[in-house]
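For reference, my_file32.txt (compact mmCIF, C-alpha atoms and all ligand atoms):
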# COMPACT_ATOMS: atom_id res chain seq x y z
CA MET H 223 107.88 135.48 -9.48
CA PRO H 224 109.77 138.20 -7.59
CA HIS H 225 110.02 141.59 -9.25
CA LEU H 226 113.15 142.40 -11.23
CA ILE H 227 113.17 145.96 -9.87
CA GLU H 228 111.62 146.95 -6.59
CA LEU H 229 111.99 150.53 -5.39
CA SER H 230 110.36 151.72 -2.19
CA GLY H 231 110.51 155.25 -0.89
CA ILE H 232 113.52 156.16 -3.00
CA LYS H 233 114.77 159.67 -2.34
CA LYS H 234 117.71 161.46 -3.86
CA SER H 235 119.16 164.85 -3.03
CA TYR H 236 122.17 166.54 -4.55
CA GLN H 237 124.26 169.00 -2.62
CA LEU H 238 125.02 172.05 -4.73
CA GLY H 239 127.25 174.23 -2.56
CA LEU H 240 125.04 175.13 0.38
CA THR H 241 121.84 174.26 -1.42
CA GLU H 242 120.20 170.86 -1.33
CA VAL H 243 118.47 169.95 -4.58
CA VAL H 244 115.82 167.29 -4.07
CA ALA H 245 115.59 165.26 -7.28
CA LEU H 246 113.50 162.27 -6.11
CA ARG H 247 110.94 162.59 -3.32
CA GLY H 248 109.97 159.02 -2.49
CA VAL H 249 109.56 156.85 -5.57
CA ASP H 250 107.86 153.46 -5.39
CA LEU H 251 108.15 151.33 -8.49
CA THR H 252 108.17 147.69 -9.48
CA VAL H 253 109.19 146.28 -12.83
CA ASP H 254 108.82 142.63 -13.75
CA VAL H 255 110.98 140.46 -15.96
CA GLY H 256 110.20 140.96 -19.64
CA GLU H 257 108.51 144.34 -19.32
CA PHE H 258 109.04 147.17 -21.81
CA THR H 259 108.53 150.36 -19.85
CA VAL H 260 109.02 154.03 -20.57
CA VAL H 261 109.39 156.81 -18.00
CA THR H 262 108.28 160.23 -19.20
CA GLY H 263 108.41 163.62 -17.58
CA PRO H 264 109.48 167.20 -18.18
CA SER H 265 113.08 168.34 -18.08
CA GLY H 266 114.38 168.30 -14.51
CA SER H 267 111.66 165.93 -13.25
CA GLY H 268 114.18 163.28 -12.19
CA LYS H 269 114.29 160.74 -15.04
CA THR H 270 118.07 160.56 -15.33
CA THR H 271 118.45 160.50 -11.56
CA LEU H 272 116.01 157.59 -11.37
CA LEU H 273 117.71 155.63 -14.17
CA ASN H 274 121.14 156.23 -12.65
CA ILE H 275 119.95 154.76 -9.34
CA ILE H 276 118.23 151.82 -11.01
CA GLY H 277 121.40 151.28 -13.09
CA CYS H 278 123.61 151.25 -9.96
CA LEU H 279 125.53 154.23 -11.32
CA ASP H 280 124.48 156.26 -8.30
CA ARG H 281 123.04 155.61 -4.85
CA ALA H 282 119.78 156.80 -3.39
CA SER H 283 119.88 159.12 -0.36
CA ALA H 284 117.10 157.08 1.28
CA GLY H 285 114.78 154.21 0.50
CA LYS H 286 115.14 150.59 -0.49
CA TYR H 287 116.17 149.16 -3.85
CA VAL H 288 116.09 145.44 -4.60
CA LEU H 289 117.41 144.42 -8.02
CA ASP H 290 116.90 140.83 -9.14
CA GLY H 291 116.62 139.69 -5.53
CA ILE H 292 119.67 141.62 -4.33
CA ASP H 293 119.16 144.46 -1.88
CA VAL H 294 121.56 147.04 -3.29
CA SER H 295 120.44 149.91 -1.04
CA ASP H 296 123.40 149.73 1.31
CA ARG H 297 126.09 148.55 -1.09
CA ASP H 298 129.22 150.60 -1.67
CA PHE H 299 130.26 151.77 -5.13
CA ASP H 300 132.53 148.75 -5.73
CA ASP H 301 129.68 146.35 -5.03
CA LEU H 302 127.38 148.42 -7.19
CA ALA H 303 129.87 148.23 -10.06
CA ASP H 304 129.88 144.42 -9.80
CA VAL H 305 126.08 144.23 -9.80
CA ARG H 306 125.96 146.64 -12.73
CA ASN H 307 128.46 144.62 -14.77
CA GLN H 308 126.58 141.40 -14.16
CA LYS H 309 123.03 142.54 -14.66
CA ILE H 310 122.70 145.73 -16.66
CA GLY H 311 123.25 146.97 -20.20
CA PHE H 312 123.16 150.69 -20.99
CA ILE H 313 122.16 152.64 -24.06
CA PHE H 314 123.04 156.34 -24.01
CA GLN H 315 121.55 159.36 -25.70
CA ASN H 316 124.82 160.17 -27.47
CA PHE H 317 125.62 156.53 -28.34
CA ASN H 318 129.04 156.56 -26.56
CA LEU H 319 130.75 154.35 -29.12
CA ILE H 320 134.53 154.07 -29.23
CA PRO H 321 135.60 155.89 -32.42
CA VAL H 322 138.75 153.85 -33.16
CA LEU H 323 136.91 150.51 -32.91
CA ASN H 324 134.76 149.11 -35.71
CA VAL H 325 131.16 147.95 -35.26
CA ALA H 326 132.06 144.37 -34.30
CA GLU H 327 134.71 145.55 -31.84
CA ASN H 328 132.35 148.07 -30.27
CA ILE H 329 129.66 145.43 -29.76
CA GLU H 330 132.21 143.02 -28.32
CA PHE H 331 133.85 145.60 -26.06
CA PRO H 332 131.96 144.98 -22.76
CA CYS H 333 132.89 141.30 -22.97
CA SER H 334 136.49 141.91 -24.02
CA VAL H 335 137.18 143.85 -20.82
CA ARG H 336 135.77 141.11 -18.58
CA PRO H 337 137.97 138.46 -17.08
CA GLY H 338 137.34 134.88 -18.21
CA GLY H 339 134.25 134.27 -20.28
CA GLU H 340 133.81 132.46 -23.57
CA ASP H 341 136.46 131.84 -26.22
CA ALA H 342 137.03 134.37 -29.00
CA ALA H 343 135.25 132.38 -31.72
CA THR H 344 132.08 131.87 -29.66
CA LEU H 345 132.03 135.53 -28.71
CA ARG H 346 132.55 136.61 -32.31
CA ALA H 347 129.64 134.40 -33.41
CA ARG H 348 127.38 136.08 -30.84
CA VAL H 349 128.56 139.52 -31.97
CA GLU H 350 127.66 138.64 -35.56
CA LYS H 351 124.25 137.29 -34.55
CA LEU H 352 123.43 140.43 -32.58
CA ALA H 353 124.72 142.66 -35.40
CA ASP H 354 122.37 140.77 -37.69
CA GLU H 355 119.44 141.22 -35.29
CA VAL H 356 119.98 144.98 -35.19
CA GLY H 357 120.32 145.14 -38.98
CA LEU H 358 124.05 145.80 -39.19
CA LYS H 359 125.37 142.57 -40.62
CA GLN H 360 126.93 144.41 -43.56
CA TYR H 361 128.62 147.01 -41.35
CA LEU H 362 130.78 144.89 -39.03
CA HIS H 363 134.00 146.54 -40.22
CA HIS H 364 132.75 150.12 -40.35
CA LYS H 365 133.87 152.72 -37.84
CA PRO H 366 131.22 154.77 -35.97
CA ASP H 367 131.96 157.91 -38.01
CA GLU H 368 130.98 156.00 -41.16
CA LEU H 369 127.49 155.32 -39.78
CA SER H 370 124.26 157.32 -39.51
CA GLY H 371 122.85 158.28 -36.11
CA GLY H 372 120.31 155.47 -36.24
CA GLN H 373 122.98 152.94 -37.17
CA ARG H 374 125.17 154.14 -34.30
CA GLN H 375 122.31 153.64 -31.88
CA ARG H 376 121.81 150.13 -33.29
CA VAL H 377 125.45 149.37 -32.47
CA ALA H 378 124.87 150.72 -28.96
CA ILE H 379 121.82 148.49 -28.56
CA ALA H 380 123.74 145.40 -29.64
CA ARG H 381 126.58 146.38 -27.29
CA ALA H 382 124.11 146.69 -24.41
CA LEU H 383 122.87 143.16 -25.08
CA ILE H 384 126.17 141.33 -25.59
CA THR H 385 126.70 140.64 -21.88
CA ARG H 386 123.21 139.03 -21.71
CA PRO H 387 121.96 141.53 -19.12
CA ARG H 388 118.78 141.00 -17.13
CA LEU H 389 117.92 144.64 -17.67
CA VAL H 390 118.64 147.20 -20.38
CA LEU H 391 118.41 150.87 -19.38
CA ALA H 392 118.27 153.69 -21.87
CA ASP H 393 118.19 157.38 -20.97
CA GLU H 394 116.56 159.26 -23.87
CA PRO H 395 117.82 156.78 -26.47
CA THR H 396 116.10 158.61 -29.34
CA ALA H 397 116.91 162.21 -28.33
CA ASN H 398 119.51 162.63 -31.07
CA LEU H 399 117.50 160.91 -33.80
CA ASP H 400 114.92 162.19 -36.26
CA SER H 401 111.37 160.96 -35.77
CA LYS H 402 111.43 158.21 -38.40
CA THR H 403 114.70 156.82 -37.07
CA SER H 404 113.36 157.08 -33.50
CA ASP H 405 110.40 154.92 -34.48
CA GLN H 406 112.72 152.33 -36.01
CA ILE H 407 114.94 152.27 -32.92
CA ILE H 408 111.96 151.82 -30.58
CA ASP H 409 110.57 149.07 -32.82
CA LEU H 410 113.95 147.38 -32.74
CA MET H 411 114.04 147.53 -28.94
CA LEU H 412 110.52 146.07 -28.83
CA GLN H 413 111.57 143.26 -31.15
CA LEU H 414 114.63 142.46 -29.04
CA ASN H 415 112.50 142.59 -25.91
CA LYS H 416 110.39 139.80 -27.42
CA LEU H 417 113.20 137.90 -29.09
CA GLU H 418 115.75 137.94 -26.27
CA GLY H 419 113.27 138.28 -23.39
CA VAL H 420 115.28 141.19 -21.99
CA THR H 421 113.58 143.76 -19.77
CA PHE H 422 113.82 147.32 -21.12
CA LEU H 423 113.35 150.50 -19.12
CA PHE H 424 113.93 153.80 -20.85
CA SER H 425 113.17 157.49 -20.52
CA THR H 426 111.93 159.96 -23.07
CA HIS H 427 110.47 163.43 -23.53
CA ASP H 428 108.96 162.42 -26.82
CA PRO H 429 105.20 161.64 -26.72
CA ARG H 430 105.54 159.77 -30.02
CA VAL H 431 107.96 157.32 -28.43
CA VAL H 432 105.63 156.80 -25.46
CA LYS H 433 102.95 155.41 -27.76
CA HIS H 434 105.16 152.43 -28.63
CA ALA H 435 105.82 151.35 -25.05
CA ARG H 436 103.65 148.73 -23.40
CA ARG H 437 103.79 150.50 -20.07
CA ALA H 438 104.28 154.21 -19.53
CA LEU H 439 105.07 155.85 -16.22
CA ALA H 440 105.07 159.57 -15.61
CA ILE H 441 107.35 161.42 -13.24
CA SER H 442 106.92 165.03 -12.19
CA ASP H 443 109.05 167.01 -9.77
CA GLY H 444 110.67 163.87 -8.38
CA GLN H 445 107.47 161.88 -7.85
CA MET H 446 105.58 159.30 -9.84
CA VAL H 447 102.25 160.72 -10.93
CA ASP H 448 98.99 159.21 -12.08
CA GLY H 449 98.35 159.10 -15.74
CA ALA H 450 100.52 156.08 -16.21
CA LEU H 451 99.09 153.83 -18.87
CA ALA H 452 99.51 150.19 -19.55
CA HIS H 453 98.60 148.82 -22.95
N1 LIG M 501 124.74 166.21 -10.27
C1 LIG M 501 123.76 167.03 -9.89
N2 LIG M 501 123.97 168.01 -8.98
C2 LIG M 501 122.98 168.82 -8.58
N3 LIG M 501 121.72 168.76 -9.04
C3 LIG M 501 121.45 167.82 -9.95
C4 LIG M 501 122.44 166.92 -10.44
N4 LIG M 501 121.87 166.09 -11.36
C5 LIG M 501 120.58 166.46 -11.43
N5 LIG M 501 120.33 167.49 -10.61
C6 LIG M 501 119.01 168.15 -10.38
O1 LIG M 501 118.07 167.13 -10.06
C7 LIG M 501 116.83 167.36 -10.70
C8 LIG M 501 116.47 166.17 -11.60
O2 LIG M 501 117.42 166.12 -12.66
P1 LIG M 501 117.44 164.95 -13.74
O3 LIG M 501 118.68 165.11 -14.55
O4 LIG M 501 117.21 163.66 -13.07
O5 LIG M 501 116.13 165.33 -14.61
P2 LIG M 501 115.64 164.76 -16.02
O6 LIG M 501 114.20 164.44 -15.86
O7 LIG M 501 116.54 163.69 -16.47
O8 LIG M 501 115.78 166.03 -16.98
P3 LIG M 501 116.06 166.06 -18.57
O9 LIG M 501 114.77 165.67 -19.22
O10 LIG M 501 116.40 167.50 -18.82
O11 LIG M 501 117.19 165.14 -18.87
C9 LIG M 501 116.98 168.68 -11.44
O12 LIG M 501 116.48 169.70 -10.61
C10 LIG M 501 118.48 168.81 -11.62
O13 LIG M 501 118.84 170.17 -11.67
MG MG M 502 117.78 163.44 -18.14
Let me see whether you can do it: turn the structure in this file into structure tokens.
Ligand SMILES: Nc1ncnc2c1ncn2[C@@H]1O[C@H](COP(=O)(O)OP(=O)(O)OP(=O)(O)O)[C@@H](O)[C@H]1O
Ligand SMILES: [Mg+2]
Amino acid sequence: MPHLIELSGIKKSYQLGLTEVVALRGVDLTVDVGEFTVVTGPSGSGKTTLLNIIGCLDRASAGKYVLDGIDVSDRDFDDLADVRNQKIGFIFQNFNLIPVLNVAENIEFPCSVRPGGEDAATLRARVEKLADEVGLKQYLHHKPDELSGGQRQRVAIARALITRPRLVLADEPTANLDSKTSDQIIDLMLQLNKLEGVTFLFSTHDPRVVKHARRALAISDGQMVDGALAH
């Protein structure tokens, strides 16, 4: 089977005034369908830059990126947005929920802004099923400010899955959670990875989170380094 993600020689520089900041120095990486992979590395090593490129939120300065059989290396931002909407779900460090919407509405949101799609009743049934899978069946009508941090991240996870993405990306999804809640969130992602067969790729600083992943990759100063473990 072809790889879901295939990066070769990916480089990324940012221009800061007259200075060029090199964030990625030639990253090669493949991820297969169904994997559950964590990228670790110190602050400034390039994790967010890498996830943004993989998530089609940003473009590499050089190198080739094939996502689910589509070469996205030379696509413009409009094309990237289409690919992103079709294939990728995001979970953010700070949850990024919409405060005026309740749990069900937040989960439903990515579908409600898409043209066409399924009818309201079918969508609502899927929202309720996902809310149940993330343990929030009793909270469908609560607003984000009535939830704990862990519960908010559960909403964000369900929201990332509602569009049935091929790939879920999460940049430091447990950074704002205490260690017990982090464990529960990672376990939940693992469970959903098995249950829904969705590929997860996420970044973390936290060595405790790394232990839960099946595959761990390390990045340092914009390059993948040895020490990656698969278990
Ligand atoms: N928009 C930007 N403009 C200029 N430089 C940037 C920009 N974004 C990131 N960088 C630089 O690129 C490098 C990699 O940053 P990146 O945010 O990818 O690291 P990170 O591993 O996610 O760090 P952290 O763990 O702190 O989130 C750093 O040197 C950073 O200063
Ligand atoms: Mg980062």
For the interface of chain H with ligand MG 502 (chain M) (cut-off 9 Å, counting only C-alpha atoms and all ligand atoms), please tabulate each contacting residue of chain H alongside its nearest pair of atoms and their separation in Å to one decimal, rows sorted by chain and increasing number, as JSON lines.
{"residue": "H:Ser265", "atom": "CA", "partner": "M:MG502", "partner_atom": "MG", "distance": 6.8}
{"residue": "H:Gly266", "atom": "CA", "partner": "M:MG502", "partner_atom": "MG", "distance": 7.0}
{"residue": "H:Ser267", "atom": "CA", "partner": "M:MG502", "partner_atom": "MG", "distance": 8.2}
{"residue": "H:Gly268", "atom": "CA", "partner": "M:MG502", "partner_atom": "MG", "distance": 7.0}
{"residue": "H:Lys269", "atom": "CA", "partner": "M:MG502", "partner_atom": "MG", "distance": 5.4}
{"residue": "H:Thr270", "atom": "CA", "partner": "M:MG502", "partner_atom": "MG", "distance": 4.0}
{"residue": "H:Thr271", "atom": "CA", "partner": "M:MG502", "partner_atom": "MG", "distance": 7.2}
{"residue": "H:Leu273", "atom": "CA", "partner": "M:MG502", "partner_atom": "MG", "distance": 8.8}
{"residue": "H:Asp393", "atom": "CA", "partner": "M:MG502", "partner_atom": "MG", "distance": 6.7}
{"residue": "H:Glu394", "atom": "CA", "partner": "M:MG502", "partner_atom": "MG", "distance": 7.2}
{"residue": "H:Ser425", "atom": "CA", "partner": "M:MG502", "partner_atom": "MG", "distance": 7.9}
{"residue": "H:Thr426", "atom": "CA", "partner": "M:MG502", "partner_atom": "MG", "distance": 8.4}
Deliver the residues from the most recent selection as a file, using C-alpha atoms, as a PDB file, in the frame of the given file.
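Result saved to part28.pdb:
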ATOM      1  CA  SER H 265     113.080 168.340 -18.080  1.00  0.00           C
ATOM      2  CA  GLY H 266     114.380 168.300 -14.510  1.00  0.00           C
ATOM      3  CA  SER H 267     111.660 165.930 -13.250  1.00  0.00           C
ATOM      4  CA  GLY H 268     114.180 163.280 -12.190  1.00  0.00           C
ATOM      5  CA  LYS H 269     114.290 160.740 -15.040  1.00  0.00           C
ATOM      6  CA  THR H 270     118.070 160.560 -15.330  1.00  0.00           C
ATOM      7  CA  THR H 271     118.450 160.500 -11.560  1.00  0.00           C
ATOM      8  CA  LEU H 273     117.710 155.630 -14.170  1.00  0.00           C
ATOM      9  CA  ASP H 393     118.190 157.380 -20.970  1.00  0.00           C
ATOM     10  CA  GLU H 394     116.560 159.260 -23.870  1.00  0.00           C
ATOM     11  CA  SER H 425     113.170 157.490 -20.520  1.00  0.00           C
ATOM     12  CA  THR H 426     111.930 159.960 -23.070  1.00  0.00           C
TER      13      THR H 426
END
Taking only C-alpha atoms and all ligand atoms into account, which residues have an atom no farther than 12 Å from ligand LIG 501 (chain M)? I'd like them as a count of residues only. 50
Contact table region 304-328 of chain H vs region 408-421 of chain H, cut-off 12 Å, shortest pair per residue, all atoms listed in the file, as JSON lines:
{"residue": "H:Lys309", "atom": "CA", "partner": "H:Val420", "partner_atom": "CA", "distance": 10.8}
{"residue": "H:Ile310", "atom": "CA", "partner": "H:Thr421", "partner_atom": "CA", "distance": 9.8}
{"residue": "H:Gly311", "atom": "CA", "partner": "H:Val420", "partner_atom": "CA", "distance": 10.0}
{"residue": "H:Phe312", "atom": "CA", "partner": "H:Thr421", "partner_atom": "CA", "distance": 11.9}
{"residue": "H:Ile313", "atom": "CA", "partner": "H:Met411", "partner_atom": "CA", "distance": 10.8}
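CA of Ile227 (chain H) is positioned 8.5 Å from CA of Val255 (chain H).
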Can you pull out every residue within 8 Å of Ser295 (chain H), counting all atoms listed in the file, but drop anything in the same chain fewer than 2 positions away, and send it as an mmCIF file with C-alpha atoms, in the coordinates of the input?
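The resulting selection.cif:
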data_model
loop_
_atom_site.group_PDB
_atom_site.id
_atom_site.type_symbol
_atom_site.label_atom_id
_atom_site.label_comp_id
_atom_site.auth_asym_id
_atom_site.auth_seq_id
_atom_site.Cartn_x
_atom_site.Cartn_y
_atom_site.Cartn_z
ATOM 1 C CA ARG H 281 123.040 155.610 -4.850
ATOM 2 C CA ALA H 282 119.780 156.800 -3.390
ATOM 3 C CA GLY H 285 114.780 154.210 0.500
ATOM 4 C CA LYS H 286 115.140 150.590 -0.490
ATOM 5 C CA TYR H 287 116.170 149.160 -3.850
ATOM 6 C CA VAL H 288 116.090 145.440 -4.600
ATOM 7 C CA ASP H 293 119.160 144.460 -1.880
ATOM 8 C CA ARG H 297 126.090 148.550 -1.090
#
Taking all atoms of region 362-380 of chain H that appear in the file, build a box with edges along x, y and z, extend it by 4 Å on every side, and state its centre and edge lengths in Å to one decimal, as lines of an AutoDock Vina configuration file.
center_x = 127.2
center_y = 151.6
center_z = -34.9
size_x = 21.7
size_y = 21.4
size_z = 20.6
